Structures are given as structure tokens and as C-alpha cells.
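Peer 1: My questions will all concern the structure given below.
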Amino acid sequence: MSEYENKQLNLHFTACTMHKLIRLCYIIPLVLILSCGGGESKKTTPEETATETSQLTGDSKNSAGTILCFGDSITAGYGLENSNDAFPAVLQQKIDSLNLNYVVVNSGLSGETTAGGKSRIDWVLNQNIDIFILELGANDGLRGIPLSETLDNLQSIINTVEEKSPNTKIILAGMQLPPNMGQDYTTKFRELYVQIAEANNLSLIPFILKNVAGIAALNQKDGIHPTVEGHKIVAHTVWEVLGPIANGN
């Protein structure tokens with residue numbers, strides 16, 4: 001046998017040996033892992049499977065109702081250090097204290113106009129909603145948007161909710177503007193919410209910032225957005241209308 005053939009034979013032998021060692025390194029840990037179970041595998045009963053699925057997905061029969069607050073920066077809690085201080089979260093605390101079976105969802109978006117709300121309402125309605133609180137229009141008014149456009153957008157949102165979720169109860173949150181926007185415009189803007197509520201037979205919160213607007217101690221430095229204490233008052237104002245509905249009255 002030549003020296004070259006001898007080297008090839010040694011290389012082949014070494015490779016085979018290494019291959020066997022590698023296989024052994026994988027087999028030993030595998031045997032140890034399998035042996036830790038005592039040779040028995042736990043059988044899951046249908047009842048246990050149903051319980052585990054229920055824990056993951058929730059039991060629809062016992063699921064809480066949903067109250068969705070659909071609005072702008074007032075709803076979103078703009079300027080607060082913690083969004084849990086915004087009025088939707090304060091409402092949740094009230095609901096929990098009364099042992100009512102509802103979850104309050106904050107769907108507020110700072111800077112939102114009625115046109116913006118109209119464009120995203122379809123996506124929001126992908127969930128089951130029992131009570132829908134509509135709080136939009138302030139940014140329209142502050143921008144001087146024509147009242148007819150604001151009215152049309154709010155009506156479109158209401159129509160969409162009623163068409164896609166006919167059992168949902170809608171609460172319209174009214175808004176008022178500062179006098180510097182002009183007496184005629186501010187008056188018609190305030191009346192717009194009354195008109196929409198009456199035309200659609202909706203529950204109306206006449207002015208969501210009642211007892212808060214214009215009070216420096218209850219507003220942030222911008223004089224528009226409520227402080228933590230201000231949001232507590234807003235929540236109380238909303239609850240005056242929401243409470244009877246949530247209680248089934």
C-alpha cells in the first residue's frame with residue numbers, strides 16, 4: 001500500500017470515528033431528556049383542553065360589555081403624565097366600584113377632527129361595542145371648519161355605528177367653543193350637537209367640559225385640556241348620562 005493510500009485510509013477511519021462520536025453526543029442527552037418524564041406522557045382530557053382554550057380566548061358568555069370612548073385629545077388625555085388619569089379610565093374605576101360588568105376602551109386620538117373620526121370608524125367597529133361615546137368636533141370648531149361639514153361627518157359616524165352595530169347605544173358628547181370664534185359661529189356650533197342628538201334620538205351630554213372649561217385650576221397651561229382633577233369632573237359629567245344606560249335604565 002502506498003503512502004498516499006495509507007493516509008487516505010487513516011482519514012476515512014478518523015472521519016467514521018468522529019461521526020459515531022457526534023451521533024453518540026446527540027443520543028445520550030436525548031435519552032436523558034426522555035427518561036426525565038418517567039416514561040409516561042400526560043394525557044390531556046377534552047375537559048382540560050376546553051379549560052385551557054377558555055383561559056386563552058375567554059368565555060364569550062362571561063365576557064364583559066364594552067364601552068368605547070371615541071374622541072380627540074380630551075378623551076385621549078393629552079398632556080397628562082399617565083393616560084390612566086384621563087376620564088375613560090376614571091369611568092372604569094367608577095364602574096369597577098359598582099361591580100358593573102364593563103370594560104372601558106379609550107379610543108381617543110389627539111388632534112382628531114370629525115373627518116379623521118369618519119375615516120377610522122370602520123376599523124374601530126371590528127370589536128363588539130355595547131355603548132359608544134362620541135366626543136368629536138372641538139378641533140373642527142377651533143379650525144373654523146364649516147358647520148355643515150362637521151354635522152355631515154358626525155352623522156356619517158353615527159350612521160356607520162348604527163348600520164354595523166345596531167344594538168350599540170350611542171351617547172353624543174356636546175362641545176362648546178370660546179367666544180373669540182365669533183358669537184354666531186359658537187352659538188350654531190353648540191346647537192349642532194342638540195340637533196344631531198334629537199334627529200337620531202341619542203342620549204346627549206350637553207357640554208362634556210361642564211364645570212371645567214375656563215377654570216384655570218382645572219386646566220393645563222394651554223387653558224384647553226383638563227388636568228387630572230379636571231378629568232375627574234369630566235368623568236362625573238359623562239357618568240350622569242352614561243350611568244343610567246350602563247345600569248340598564
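Following the order of the C-alpha cells, chains are lettered A, B, ..., residues in each are numbered from 1, and ligands are numbered from 1.
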Can you check which parts of region 94-145 of chain A lie within 6 Å of region 163-185 of chain A? Per residue, the shortest pair of atoms and distance in Å to one decimal, counting only C-alpha atoms, sorted by chain and number, as JSON lines.

Peer 2:
```
{"residue": "A:Asp130", "atom": "CA", "partner": "A:Thr168", "partner_atom": "CA", "distance": 4.8}
{"residue": "A:Ile131", "atom": "CA", "partner": "A:Lys169", "partner_atom": "CA", "distance": 4.7}
{"residue": "A:Phe132", "atom": "CA", "partner": "A:Ile170", "partner_atom": "CA", "distance": 4.7}
{"residue": "A:Ile133", "atom": "CA", "partner": "A:Ile171", "partner_atom": "CA", "distance": 4.7}
{"residue": "A:Leu134", "atom": "CA", "partner": "A:Leu172", "partner_atom": "CA", "distance": 5.0}
{"residue": "A:Glu135", "atom": "CA", "partner": "A:Ala173", "partner_atom": "CA", "distance": 5.0}
```

Peer 1: Give me the residues within 10 Å of Thr113 (chain A) as number ranges by chain, counting only C-alpha atoms and dropping any in the same chain fewer than 2 places off.

Peer 2: A: 71-72, 109-111, 115-119, 136-141, 143, 145, 150, 153-154

Peer 1: What does the distance from CA of Thr66 (chain A) to CA of Thr160 (chain A) come to in Å, to one decimal?

Peer 2: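 Distance reported for this atom pair: 17.5 Å.
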
Peer 1: By how many Å are CA of Gly230 (chain A) and CA of Val212 (chain A) apart?

Peer 2: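 These atoms are spaced 5.9 Å apart.
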